[in-house]
>>> print(open('my_file06.cif').read())   # mmCIF, C-alpha atoms
data_target
loop_
_atom_site.group_PDB
_atom_site.id
_atom_site.type_symbol
_atom_site.label_atom_id
_atom_site.label_comp_id
_atom_site.auth_asym_id
_atom_site.auth_seq_id
_atom_site.Cartn_x
_atom_site.Cartn_y
_atom_site.Cartn_z
ATOM 1 C CA MET A 258 106.056 113.800 110.011
ATOM 2 C CA PHE A 259 107.025 117.435 110.184
ATOM 3 C CA GLU A 260 106.792 119.706 113.186
ATOM 4 C CA GLN A 261 104.867 122.946 113.011
ATOM 5 C CA GLU A 262 106.153 126.097 114.635
ATOM 6 C CA CYS A 263 104.491 127.099 117.877
ATOM 7 C CA CYS A 264 103.399 130.465 116.475
ATOM 8 C CA ALA A 265 101.139 131.448 113.579
ATOM 9 C CA PRO A 266 103.014 132.865 110.561
ATOM 10 C CA LYS A 267 101.293 136.248 111.043
ATOM 11 C CA LYS A 268 102.605 136.475 114.632
ATOM 12 C CA LEU A 269 106.102 135.822 113.280
ATOM 13 C CA GLY A 270 105.742 138.671 110.763
ATOM 14 C CA LEU A 271 105.464 136.281 107.808
ATOM 15 C CA GLU A 272 102.940 136.993 105.078
ATOM 16 C CA ARG A 273 100.721 134.220 103.764
ATOM 17 C CA HIS A 274 99.903 134.072 100.043
ATOM 18 C CA ASP A 275 97.303 131.681 98.625
ATOM 19 C CA GLU A 276 96.319 131.459 94.954
ATOM 20 C CA ILE A 277 93.931 129.423 92.819
ATOM 21 C CA LEU A 278 96.085 128.308 89.892
ATOM 22 C CA SER A 279 93.401 126.536 87.871
ATOM 23 C CA ILE A 280 89.886 125.117 87.957
ATOM 24 C CA ASN A 281 88.793 122.554 85.357
ATOM 25 C CA VAL A 282 85.126 121.528 85.388
ATOM 26 C CA GLU A 283 83.493 118.680 83.473
ATOM 27 C CA ARG A 284 79.809 118.298 84.376
ATOM 28 C CA ASP A 285 79.753 117.250 88.078
ATOM 29 C CA LEU A 286 83.532 116.786 88.378
ATOM 30 C CA ALA A 287 86.176 119.455 88.975
ATOM 31 C CA LEU A 288 89.946 119.512 89.439
ATOM 32 C CA VAL A 289 91.269 122.491 91.420
ATOM 33 C CA ARG A 290 94.978 123.352 91.703
ATOM 34 C CA LEU A 291 96.028 125.673 94.550
ATOM 35 C CA SER A 292 99.274 127.295 95.605
ATOM 36 C CA LEU A 293 99.564 127.934 99.356
ATOM 37 C CA GLN A 294 102.508 129.796 100.826
ATOM 38 C CA ILE A 295 102.986 129.871 104.576
ATOM 39 C CA PRO A 296 106.700 130.665 104.861
ATOM 40 C CA PRO A 297 108.877 128.744 105.102
ATOM 41 C CA ARG A 298 106.458 126.146 103.617
ATOM 42 C CA TYR A 299 105.358 126.339 99.964
ATOM 43 C CA MET A 300 102.644 123.868 98.959
ATOM 44 C CA THR A 301 100.722 122.850 95.872
ATOM 45 C CA HIS A 302 97.369 121.151 96.465
ATOM 46 C CA MET A 303 95.300 119.326 93.851
ATOM 47 C CA LEU A 304 91.662 118.764 94.811
ATOM 48 C CA SER A 305 89.280 116.382 93.051
ATOM 49 C CA CYS A 306 85.775 117.725 93.658
ATOM 50 C CA LEU A 307 82.313 116.310 92.998
ATOM 51 C CA ARG A 308 78.990 118.131 92.877
ATOM 52 C CA VAL A 309 76.594 116.221 95.126
ATOM 53 C CA GLY A 310 73.030 117.466 95.499
ATOM 54 C CA GLY A 311 74.002 120.858 94.080
ATOM 55 C CA THR A 312 76.941 121.352 96.488
ATOM 56 C CA TRP A 313 80.633 120.904 95.657
ATOM 57 C CA LYS A 314 82.498 118.448 97.906
ATOM 58 C CA ILE A 315 86.203 117.626 98.030
ATOM 59 C CA ALA A 316 86.499 113.925 97.188
ATOM 60 C CA GLN A 317 90.306 113.653 97.232
ATOM 61 C CA LYS A 318 93.279 115.874 98.002
ATOM 62 C CA VAL A 319 96.955 115.362 97.169
ATOM 63 C CA MET A 320 99.709 117.812 97.911
ATOM 64 C CA THR A 321 103.410 118.457 97.721
ATOM 65 C CA MET A 322 105.430 120.724 99.986
ATOM 66 C CA GLU A 323 108.888 122.240 100.059
ATOM 67 C CA THR A 324 110.628 124.264 102.742
ATOM 68 C CA ARG A 325 112.682 127.265 101.689
#
>>> encode(input="my_file06.cif", output="structure tokens")
Amino acid sequence: MFEQECCAPKKLGLERHDEILSINVERDLALVRLSLQIPPRYMTHMLSCLRVGGTWKIAQKVMTMETR
């Protein structure tokens, strides 16, 4: 388990940068890859999404994180 800082990155003068790296859609299934940077943490998230009743829902999320 990792500890989070007591202050938001913005309050510490750190800039957040998030980016959608890819979206692959096959009928009612999608795989979304995201890069999230909240210094000093840099994360990659992979979301498995399903379209249910016309709305996209996250079915599963896996992630990796490194501290720089």
>>> residues_around(input="my_file06.cif", residues="Val309 of chain A", least_positions_apart="2", cutoff="12 Å", atoms="only C-alpha atoms", output="short mmCIF file (atom, residue, chain, number, x, y, z; two decimals) with C-alpha atoms, in the coordinates of the input")
data_model
loop_
_atom_site.label_atom_id
_atom_site.label_comp_id
_atom_site.auth_asym_id
_atom_site.auth_seq_id
_atom_site.Cartn_x
_atom_site.Cartn_y
_atom_site.Cartn_z
CA ARG A 284 79.81 118.30 84.38
CA ASP A 285 79.75 117.25 88.08
CA LEU A 286 83.53 116.79 88.38
CA ALA A 287 86.18 119.46 88.98
CA CYS A 306 85.78 117.72 93.66
CA LEU A 307 82.31 116.31 93.00
CA GLY A 311 74.00 120.86 94.08
CA THR A 312 76.94 121.35 96.49
CA TRP A 313 80.63 120.90 95.66
CA LYS A 314 82.50 118.45 97.91
CA ILE A 315 86.20 117.63 98.03
CA ALA A 316 86.50 113.92 97.19
#
>>> closest_residue(input="my_file06.cif", among="A:Arg325, A:Lys267, A:Lys318, A:Arg273", to="Ile295 of chain A", atoms="only C-alpha atoms")
A:Arg273
>>> resolve_selection(input="my_file06.cif", expression="the PyMOL selection byres ((chain A and resi 301) around 6)", output="CSV table (one decimal) with C-alpha atoms, keeping the file's coordinate frame")
chain,number,residue,atom,x,y,z
A,291,LEU,CA,96.0,125.7,94.6
A,292,SER,CA,99.3,127.3,95.6
A,300,MET,CA,102.6,123.9,99.0
A,302,HIS,CA,97.4,121.2,96.5
A,320,MET,CA,99.7,117.8,97.9
A,321,THR,CA,103.4,118.5,97.7
>>> closest_residue(input="my_file06.cif", among="A:Val319, A:Cys264, A:Met303, A:Leu293", to="Ser279 of chain A", atoms="only C-alpha atoms")
A:Met303
>>> axis_aligned_box(input="my_file06.cif", around="segment 283-292 of chain A", padding_each_side="3 Å", output="AutoDock Vina command-line options")
--center_x 89.5 --center_y 122.0 --center_z 89.5 --size_x 25.5 --size_y 16.5 --size_z 18.1
>>> atom_distance(input="my_file06.cif", atom1="atom CA of Val289 of chain A", atom2="atom CA of Met322 of chain A")
16.6 Å
>>> closest_residue(input="my_file06.cif", among="A:Ser305, A:Pro296, A:Glu323, A:Gly310", to="Glu272 of chain A", atoms="only C-alpha atoms")
A:Pro296
>>> closest_residue(input="my_file06.cif", among="A:Lys268, A:Gln317, A:Leu304, A:Glu276", to="Leu288 of chain A", atoms="only C-alpha atoms")
A:Leu304
>>> closest_residue(input="my_file06.cif", among="A:Thr324, A:Arg308, A:Leu269, A:Asn281", to="Gln294 of chain A", atoms="all atoms listed in the file")
A:Thr324
>>> decode(input="my_file06.cif", residues="segment 285-322 of chain A", atoms="N, CA, C and O atoms", output="JSON list (two decimals), in the first residue's frame")
[["chain", "number", "residue", "atom", "x", "y", "z"],
["A", 285, "ASP", "N", -19.68, -4.00, -29.12],
["A", 285, "ASP", "CA", -20.02, -3.47, -27.79],
["A", 285, "ASP", "C", -18.89, -3.63, -26.77],
["A", 285, "ASP", "O", -19.13, -3.58, -25.56],
["A", 286, "LEU", "N", -17.66, -3.80, -27.26],
["A", 286, "LEU", "CA", -16.50, -3.97, -26.39],
["A", 286, "LEU", "C", -15.44, -2.95, -26.78],
["A", 286, "LEU", "O", -15.21, -2.70, -27.96],
["A", 287, "ALA", "N", -14.79, -2.35, -25.79],
["A", 287, "ALA", "CA", -13.72, -1.40, -26.07],
["A", 287, "ALA", "C", -12.58, -1.60, -25.08],
["A", 287, "ALA", "O", -12.80, -1.99, -23.93],
["A", 288, "LEU", "N", -11.36, -1.35, -25.55],
["A", 288, "LEU", "CA", -10.18, -1.35, -24.70],
["A", 288, "LEU", "C", -9.57, 0.04, -24.78],
["A", 288, "LEU", "O", -9.26, 0.53, -25.87],
["A", 289, "VAL", "N", -9.45, 0.70, -23.63],
["A", 289, "VAL", "CA", -8.94, 2.08, -23.57],
["A", 289, "VAL", "C", -7.64, 2.07, -22.78],
["A", 289, "VAL", "O", -7.57, 1.50, -21.69],
["A", 290, "ARG", "N", -6.61, 2.70, -23.34],
["A", 290, "ARG", "CA", -5.31, 2.81, -22.65],
["A", 290, "ARG", "C", -5.06, 4.28, -22.33],
["A", 290, "ARG", "O", -5.13, 5.13, -23.22],
["A", 291, "LEU", "N", -4.80, 4.58, -21.06],
["A", 291, "LEU", "CA", -4.62, 5.95, -20.59],
["A", 291, "LEU", "C", -3.26, 6.12, -19.93],
["A", 291, "LEU", "O", -2.76, 5.21, -19.27],
["A", 292, "SER", "N", -2.70, 7.31, -20.07],
["A", 292, "SER", "CA", -1.50, 7.69, -19.35],
["A", 292, "SER", "C", -1.90, 8.82, -18.40],
["A", 292, "SER", "O", -2.44, 9.83, -18.83],
["A", 293, "LEU", "N", -1.65, 8.62, -17.11],
["A", 293, "LEU", "CA", -1.97, 9.62, -16.09],
["A", 293, "LEU", "C", -0.69, 10.00, -15.36],
["A", 293, "LEU", "O", 0.03, 9.12, -14.88],
["A", 294, "GLN", "N", -0.41, 11.29, -15.30],
["A", 294, "GLN", "CA", 0.79, 11.75, -14.63],
["A", 294, "GLN", "C", 0.40, 12.73, -13.53],
["A", 294, "GLN", "O", -0.12, 13.79, -13.80],
["A", 295, "ILE", "N", 0.62, 12.30, -12.30],
["A", 295, "ILE", "CA", 0.42, 13.15, -11.14],
["A", 295, "ILE", "C", 1.74, 13.08, -10.37],
["A", 295, "ILE", "O", 1.92, 12.22, -9.51],
["A", 296, "PRO", "N", 2.71, 13.93, -10.77],
["A", 296, "PRO", "CA", 4.05, 13.82, -10.20],
["A", 296, "PRO", "C", 4.00, 13.71, -8.68],
["A", 296, "PRO", "O", 3.20, 14.40, -8.05],
["A", 297, "PRO", "N", 4.79, 12.80, -8.13],
["A", 297, "PRO", "CA", 5.84, 12.02, -8.77],
["A", 297, "PRO", "C", 5.36, 10.66, -9.30],
["A", 297, "PRO", "O", 6.16, 9.81, -9.63],
["A", 298, "ARG", "N", 4.02, 10.45, -9.39],
["A", 298, "ARG", "CA", 3.49, 9.17, -9.86],
["A", 298, "ARG", "C", 3.14, 9.23, -11.34],
["A", 298, "ARG", "O", 2.49, 10.17, -11.80],
["A", 299, "TYR", "N", 3.54, 8.21, -12.08],
["A", 299, "TYR", "CA", 3.27, 8.09, -13.51],
["A", 299, "TYR", "C", 2.59, 6.73, -13.72],
["A", 299, "TYR", "O", 3.16, 5.70, -13.39],
["A", 300, "MET", "N", 1.34, 6.76, -14.22],
["A", 300, "MET", "CA", 0.54, 5.55, -14.29],
["A", 300, "MET", "C", 0.06, 5.28, -15.70],
["A", 300, "MET", "O", -0.18, 6.21, -16.47],
["A", 301, "THR", "N", -0.10, 4.01, -16.01],
["A", 301, "THR", "CA", -0.76, 3.58, -17.23],
["A", 301, "THR", "C", -1.95, 2.73, -16.79],
["A", 301, "THR", "O", -1.80, 1.81, -15.99],
["A", 302, "HIS", "N", -3.13, 3.10, -17.28],
["A", 302, "HIS", "CA", -4.36, 2.36, -16.98],
["A", 302, "HIS", "C", -4.85, 1.71, -18.26],
["A", 302, "HIS", "O", -4.80, 2.31, -19.34],
["A", 303, "MET", "N", -5.36, 0.49, -18.15],
["A", 303, "MET", "CA", -6.02, -0.18, -19.26],
["A", 303, "MET", "C", -7.42, -0.53, -18.79],
["A", 303, "MET", "O", -7.59, -1.22, -17.78],
["A", 304, "LEU", "N", -8.43, -0.01, -19.50],
["A", 304, "LEU", "CA", -9.82, -0.19, -19.14],
["A", 304, "LEU", "C", -10.51, -1.08, -20.16],
["A", 304, "LEU", "O", -10.46, -0.80, -21.36],
["A", 305, "SER", "N", -11.16, -2.13, -19.70],
["A", 305, "SER", "CA", -12.05, -2.93, -20.54],
["A", 305, "SER", "C", -13.44, -2.37, -20.34],
["A", 305, "SER", "O", -13.93, -2.29, -19.21],
["A", 306, "CYS", "N", -14.08, -1.95, -21.43],
["A", 306, "CYS", "CA", -15.39, -1.30, -21.35],
["A", 306, "CYS", "C", -16.42, -2.06, -22.16],
["A", 306, "CYS", "O", -16.10, -2.63, -23.21],
["A", 307, "LEU", "N", -17.66, -2.05, -21.68],
["A", 307, "LEU", "CA", -18.77, -2.69, -22.36],
["A", 307, "LEU", "C", -19.88, -1.67, -22.56],
["A", 307, "LEU", "O", -20.13, -0.85, -21.67],
["A", 308, "ARG", "N", -20.55, -1.74, -23.70],
["A", 308, "ARG", "CA", -21.71, -0.88, -23.94],
["A", 308, "ARG", "C", -22.94, -1.66, -23.47],
["A", 308, "ARG", "O", -23.27, -2.71, -23.99],
["A", 309, "VAL", "N", -23.61, -1.11, -22.47],
["A", 309, "VAL", "CA", -24.78, -1.74, -21.87],
["A", 309, "VAL", "C", -25.94, -0.76, -21.99],
["A", 309, "VAL", "O", -25.88, 0.34, -21.43],
["A", 310, "GLY", "N", -26.98, -1.15, -22.72],
["A", 310, "GLY", "CA", -28.14, -0.28, -22.87],
["A", 310, "GLY", "C", -27.80, 1.06, -23.49],
["A", 310, "GLY", "O", -28.37, 2.08, -23.11],
["A", 311, "GLY", "N", -26.81, 1.08, -24.38],
["A", 311, "GLY", "CA", -26.42, 2.32, -25.05],
["A", 311, "GLY", "C", -25.42, 3.18, -24.29],
["A", 311, "GLY", "O", -25.02, 4.24, -24.77],
["A", 312, "THR", "N", -25.01, 2.75, -23.10],
["A", 312, "THR", "CA", -24.06, 3.52, -22.28],
["A", 312, "THR", "C", -22.80, 2.69, -22.05],
["A", 312, "THR", "O", -22.89, 1.50, -21.76],
["A", 313, "TRP", "N", -21.63, 3.32, -22.17],
["A", 313, "TRP", "CA", -20.37, 2.63, -21.93],
["A", 313, "TRP", "C", -20.11, 2.53, -20.44],
["A", 313, "TRP", "O", -20.27, 3.50, -19.70],
["A", 314, "LYS", "N", -19.73, 1.34, -20.00],
["A", 314, "LYS", "CA", -19.40, 1.06, -18.59],
["A", 314, "LYS", "C", -18.02, 0.44, -18.51],
["A", 314, "LYS", "O", -17.64, -0.35, -19.37],
["A", 315, "ILE", "N", -17.26, 0.80, -17.48],
["A", 315, "ILE", "CA", -15.97, 0.17, -17.25],
["A", 315, "ILE", "C", -16.22, -1.17, -16.57],
["A", 315, "ILE", "O", -16.81, -1.23, -15.49],
["A", 316, "ALA", "N", -15.80, -2.25, -17.22],
["A", 316, "ALA", "CA", -15.99, -3.60, -16.68],
["A", 316, "ALA", "C", -14.79, -4.05, -15.86],
["A", 316, "ALA", "O", -14.94, -4.80, -14.89],
["A", 317, "GLN", "N", -13.58, -3.58, -16.26],
["A", 317, "GLN", "CA", -12.36, -4.01, -15.57],
["A", 317, "GLN", "C", -11.29, -2.96, -15.78],
["A", 317, "GLN", "O", -11.19, -2.35, -16.85],
["A", 318, "LYS", "N", -10.47, -2.74, -14.75],
["A", 318, "LYS", "CA", -9.37, -1.80, -14.86],
["A", 318, "LYS", "C", -8.11, -2.45, -14.28],
["A", 318, "LYS", "O", -8.16, -3.03, -13.19],
["A", 319, "VAL", "N", -7.01, -2.35, -15.01],
["A", 319, "VAL", "CA", -5.70, -2.75, -14.50],
["A", 319, "VAL", "C", -4.77, -1.58, -14.70],
["A", 319, "VAL", "O", -4.95, -0.77, -15.61],
["A", 320, "MET", "N", -3.78, -1.47, -13.83],
["A", 320, "MET", "CA", -2.88, -0.33, -13.94],
["A", 320, "MET", "C", -1.48, -0.70, -13.45],
["A", 320, "MET", "O", -1.30, -1.68, -12.74],
["A", 321, "THR", "N", -0.54, 0.12, -13.88],
["A", 321, "THR", "CA", 0.82, 0.03, -13.38],
["A", 321, "THR", "C", 1.25, 1.44, -13.02],
["A", 321, "THR", "O", 0.76, 2.41, -13.58],
["A", 322, "MET", "N", 2.15, 1.54, -12.04],
["A", 322, "MET", "CA", 2.57, 2.86, -11.58],
["A", 322, "MET", "C", 4.06, 2.85, -11.26],
["A", 322, "MET", "O", 4.59, 1.85, -10.77]]
